[in-house]
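Read the structure below first, then the notes.
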Amino acid sequence: MILPLLASIAVTSFGPGVQQYALTNSHGVTVKVMTYGATITEVDTPDRNGQIGDIVLGFDNVQGYKDNPKFFGATVGRVANRIAKGHFELDGHDYTLATNDGPNTLHGGLHGWNTYIWKAHRKGSSSVEMSRVSPDGEEGFPGTVHASVRFTLDDSNRLRIDYRATTDRDTPINLTNHSYWNLSGYGSVLQDRLMVDASRYTPVDSTLIPTGVLAPVAGTDMDFRKPRVISHGGYDHNFVLDHPGDLSAVAAQVTDPHSGRVLTVYTDQPGLQVYTGNFLDGTITGRGHPFTQYGAICLETQHFPDSINEPSFPSTVLHPHEVYRTTTIYAFSTE
């Protein structure tokens, strides 16, 4: 999939020691990314009438992200999603992690990659790449990891995110972006139509850890193989994509009937976590709007939750002789 070049990159301060890069194409689409957490802070796209609006939840400065650590727009790692009971075994060694989601580890632990300032590097006029080194033992994980995330906005209104990582010891790696999408800008997303290219999903226990079963979506509320209105919240589930590794296949699509905006997701990952903002409760406000329950949808491309403890799931273990590479594309359009 060849991506044409974008028009410009502008850099501004977003807080002490934090820079924000604004990628803008010739159609007026803008994606802003800051170095704190390699975080998407803003995505401005036109609606069906050409009116430009922001379609991700966020804040006007870095302090908002520090004060409200729900991973808004962040690059999460070293391991996205949940690890059961903060524990795993690898190469005959037991590893214990901090638990920050009930009994489990979520999105890298207490101080995941979303809490660090990344180094930024312009890549010509088309991209910005952010990188960091995660030292051996950080949050309890083995191995020193060199990681980078490259954001590219093309003239076809597609945001491409390329992840790369290497390690000097066997370690689990599972990176994703945690943007909260709302194609109207604010309000409930339950009227949106959702399609997910998945015939199966991973059922979970009471703490949202997969049971190990790959269950069919047919006949359940998990069946989004054909676009349908979300209608109710409560989703925080991993879908097993039908075309893993195929970056040309549509993994998911969200359509907002009010604005006419359409968000289409492509990925080479095997899974997609659909989260409907269940834990937002209106106590957090960003850019003048309270973030209310079901006020956004997260589409987190990933390996399956707790894969490190489930041998039947696709492995998240990265070995020293390998390079972790994965790509996700978010395409913006209207109907």
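Just remember, in the structure tokens the first chain shown is A, the second B, etc., residues are 1-based per chain, and ligands are 1-based in the order shown.
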Stretch 183-194 of chain A environment, 9 Å, only C-alpha atoms, sequence neighbours closer than 5 positions dropped, as a VMD selection string: chain A and resid 47 53 to 57 224 to 233 252 to 263 276 289 to 297
query: Tell me, which residues of stretch 176-330 of chain A carry DSSP strand (DSSP E or B), written as an NGL selection string?
result: :A and (176-177 or 181 or 193-196 or 198-201 or 204 or 210 or 215-216 or 228-229 or 236-241 or 250-255 or 261-267 or 271-275 or 285-286 or 289-290 or 297-302 or 317-318 or 324-330)
Can I get the selected residues back with C-alpha atoms, as a PDB file, in the first residue's frame?
```
ATOM      1  CA  THR A 176      -0.982  -0.355  20.084  1.00  0.00           C
ATOM      2  CA  ASN A 177      -2.469   3.127  19.950  1.00  0.00           C
ATOM      3  CA  TRP A 181     -12.561   8.076  18.670  1.00  0.00           C
ATOM      4  CA  ARG A 193     -22.555   1.759  12.907  1.00  0.00           C
ATOM      5  CA  LEU A 194     -19.697  -0.661  13.523  1.00  0.00           C
ATOM      6  CA  MET A 195     -18.236  -3.404  11.356  1.00  0.00           C
ATOM      7  CA  VAL A 196     -15.521  -5.784  12.607  1.00  0.00           C
ATOM      8  CA  ALA A 198     -14.104 -11.162  12.906  1.00  0.00           C
ATOM      9  CA  SER A 199     -15.953 -14.465  13.092  1.00  0.00           C
ATOM     10  CA  ARG A 200     -14.609 -15.179  16.578  1.00  0.00           C
ATOM     11  CA  TYR A 201     -13.762 -13.343  19.776  1.00  0.00           C
ATOM     12  CA  VAL A 204     -13.316 -13.103  29.279  1.00  0.00           C
ATOM     13  CA  PRO A 210      -9.588 -14.231  28.214  1.00  0.00           C
ATOM     14  CA  ALA A 215     -15.803 -18.387  20.524  1.00  0.00           C
ATOM     15  CA  PRO A 216     -17.963 -17.730  17.444  1.00  0.00           C
ATOM     16  CA  ARG A 228     -24.863  -2.519  12.568  1.00  0.00           C
ATOM     17  CA  VAL A 229     -25.619   0.128  15.160  1.00  0.00           C
ATOM     18  CA  ASP A 236     -14.166  -4.242  26.136  1.00  0.00           C
ATOM     19  CA  HIS A 237     -13.389  -7.357  24.127  1.00  0.00           C
ATOM     20  CA  ASN A 238     -10.760  -8.689  21.772  1.00  0.00           C
ATOM     21  CA  PHE A 239     -11.967  -9.774  18.337  1.00  0.00           C
ATOM     22  CA  VAL A 240     -10.079 -12.448  16.395  1.00  0.00           C
ATOM     23  CA  LEU A 241      -9.652 -10.900  12.951  1.00  0.00           C
ATOM     24  CA  VAL A 250     -10.649  -3.860   6.253  1.00  0.00           C
ATOM     25  CA  ALA A 251     -10.369  -4.884   9.898  1.00  0.00           C
ATOM     26  CA  ALA A 252     -13.043  -2.529  11.200  1.00  0.00           C
ATOM     27  CA  GLN A 253     -15.141   0.446  10.194  1.00  0.00           C
ATOM     28  CA  VAL A 254     -17.134   2.997  12.169  1.00  0.00           C
ATOM     29  CA  THR A 255     -19.731   5.270  10.530  1.00  0.00           C
ATOM     30  CA  ARG A 261     -17.663  10.680   8.966  1.00  0.00           C
ATOM     31  CA  VAL A 262     -16.296   7.179   8.399  1.00  0.00           C
ATOM     32  CA  LEU A 263     -13.243   5.663  10.107  1.00  0.00           C
ATOM     33  CA  THR A 264     -11.762   2.569   8.460  1.00  0.00           C
ATOM     34  CA  VAL A 265      -9.071   0.470  10.134  1.00  0.00           C
ATOM     35  CA  TYR A 266      -6.468  -1.694   8.409  1.00  0.00           C
ATOM     36  CA  THR A 267      -3.909  -3.752  10.303  1.00  0.00           C
ATOM     37  CA  GLY A 271      -6.664  -8.998  17.069  1.00  0.00           C
ATOM     38  CA  LEU A 272      -8.691  -5.850  17.653  1.00  0.00           C
ATOM     39  CA  GLN A 273      -9.836  -4.669  21.082  1.00  0.00           C
ATOM     40  CA  VAL A 274     -13.148  -2.817  20.870  1.00  0.00           C
ATOM     41  CA  TYR A 275     -13.745  -0.615  23.911  1.00  0.00           C
ATOM     42  CA  THR A 285     -13.319  17.201  30.856  1.00  0.00           C
ATOM     43  CA  GLY A 286     -11.252  17.898  27.789  1.00  0.00           C
ATOM     44  CA  HIS A 289     -16.627  18.683  26.957  1.00  0.00           C
ATOM     45  CA  PRO A 290     -17.093  16.080  29.712  1.00  0.00           C
ATOM     46  CA  ILE A 297     -14.816   3.993  20.891  1.00  0.00           C
ATOM     47  CA  CYS A 298     -11.284   2.617  21.021  1.00  0.00           C
ATOM     48  CA  LEU A 299     -10.112   0.307  18.227  1.00  0.00           C
ATOM     49  CA  GLU A 300      -6.854  -1.138  19.543  1.00  0.00           C
ATOM     50  CA  THR A 301      -5.034  -3.316  16.993  1.00  0.00           C
ATOM     51  CA  GLN A 302      -3.044  -5.913  18.892  1.00  0.00           C
ATOM     52  CA  VAL A 317       7.463 -13.029  22.688  1.00  0.00           C
ATOM     53  CA  LEU A 318      10.184 -11.109  20.847  1.00  0.00           C
ATOM     54  CA  TYR A 324       9.112  -6.579  15.882  1.00  0.00           C
ATOM     55  CA  ARG A 325       7.257  -4.810  13.080  1.00  0.00           C
ATOM     56  CA  THR A 326       3.580  -4.063  12.745  1.00  0.00           C
ATOM     57  CA  THR A 327       1.461  -1.492  10.919  1.00  0.00           C
ATOM     58  CA  THR A 328      -1.993  -0.039  11.428  1.00  0.00           C
ATOM     59  CA  ILE A 329      -3.753   2.441   9.142  1.00  0.00           C
ATOM     60  CA  TYR A 330      -6.675   4.664  10.084  1.00  0.00           C
TER      61      TYR A 330
END
```
task: For A:Gly212, please output as a ChimeraX atom specification all residues within 8 Å (counting only C-alpha atoms; exclusion window: fewer than 3 positions along the same chain).
output: /A:202-203,310,312-313
Just to be explicit: take each residue in the selection above, keep N, CA and C atoms, and write the result as a PDB file, in the first residue's frame.
```pdb
ATOM      1  N   THR A 202     -12.597 -13.475  21.903  1.00  0.00           N
ATOM      2  CA  THR A 202     -12.066 -14.159  23.077  1.00  0.00           C
ATOM      3  C   THR A 202     -12.906 -13.805  24.299  1.00  0.00           C
ATOM      4  N   PRO A 203     -13.803 -14.709  24.742  1.00  0.00           N
ATOM      5  CA  PRO A 203     -14.587 -14.451  25.957  1.00  0.00           C
ATOM      6  C   PRO A 203     -13.663 -14.237  27.151  1.00  0.00           C
ATOM      7  N   GLU A 310      -1.101 -17.640  27.652  1.00  0.00           N
ATOM      8  CA  GLU A 310      -2.018 -18.529  26.937  1.00  0.00           C
ATOM      9  C   GLU A 310      -1.313 -19.093  25.696  1.00  0.00           C
ATOM     10  N   SER A 312      -2.036 -21.123  23.442  1.00  0.00           N
ATOM     11  CA  SER A 312      -2.802 -21.305  22.204  1.00  0.00           C
ATOM     12  C   SER A 312      -2.989 -19.997  21.432  1.00  0.00           C
ATOM     13  N   PHE A 313      -2.679 -18.853  22.051  1.00  0.00           N
ATOM     14  CA  PHE A 313      -2.818 -17.562  21.383  1.00  0.00           C
ATOM     15  C   PHE A 313      -1.551 -17.246  20.585  1.00  0.00           C
TER      16      PHE A 313
END
```
query: Could you name the residues that touch A:Tyr36 at 10 Å or less, counting only C-alpha atoms, but leaving out those on the same chain fewer than 5 positions away, as a PyMOL selection string?
result: chain A and resi 14-15+17-20+62+65-66+74-75+113-119+130
task: For A:Leu97, list every protein, DNA or RNA residue within 10 Å, evaluated using only C-alpha atoms, and leave out those in the same chain fewer than 4 positions away; present the list as an MDAnalysis selection string.
output: chainID A and resid 83:88 104:106 108:110 137:141
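Between atom CA of A:Leu153 and atom CA of A:Arg48 there is a distance of 20.2 Å.
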task: Pick out the closest residue to A:Ser125 from this set: A:Val149, A:Ala10, A:Gly234, A:Pro16. Count only C-alpha atoms.
output: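 Residue with the minimum atom-to-atom distance to A:Ser125: A:Ala10.
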query: Between A:Thr207, A:Thr30, A:Thr316, A:Thr167, which is the closest to A:Asn100 once you count only C-alpha atoms?
result: A:Thr207
message: To one decimal place in Å, what is the distance between atom CA of A:Gly219 and atom CA of A:Pro314?
response: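 Separation between atom CA of A:Gly219 and atom CA of A:Pro314: 25.4 Å.
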Selected residue, from A:Pro305, A:Asn61, A:Pro69, A:Asn25, that lies nearest to A:Leu280 when counting only C-alpha atoms: A:Pro69
- request: Quick one: pull the distance between atom CA of A:Asn68 and atom CA of A:Ala98, Å, one decimal.
  value: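 Between atom CA of A:Asn68 and atom CA of A:Ala98 the gap is 19.2 Å.
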- request: Based on DSSP run over this structure's backbone, return all residues of stretch 68-247 of chain A in helix (DSSP H, G or I), as a ChimeraX atom specification.
  value: /A:84-86,113-115,138-140
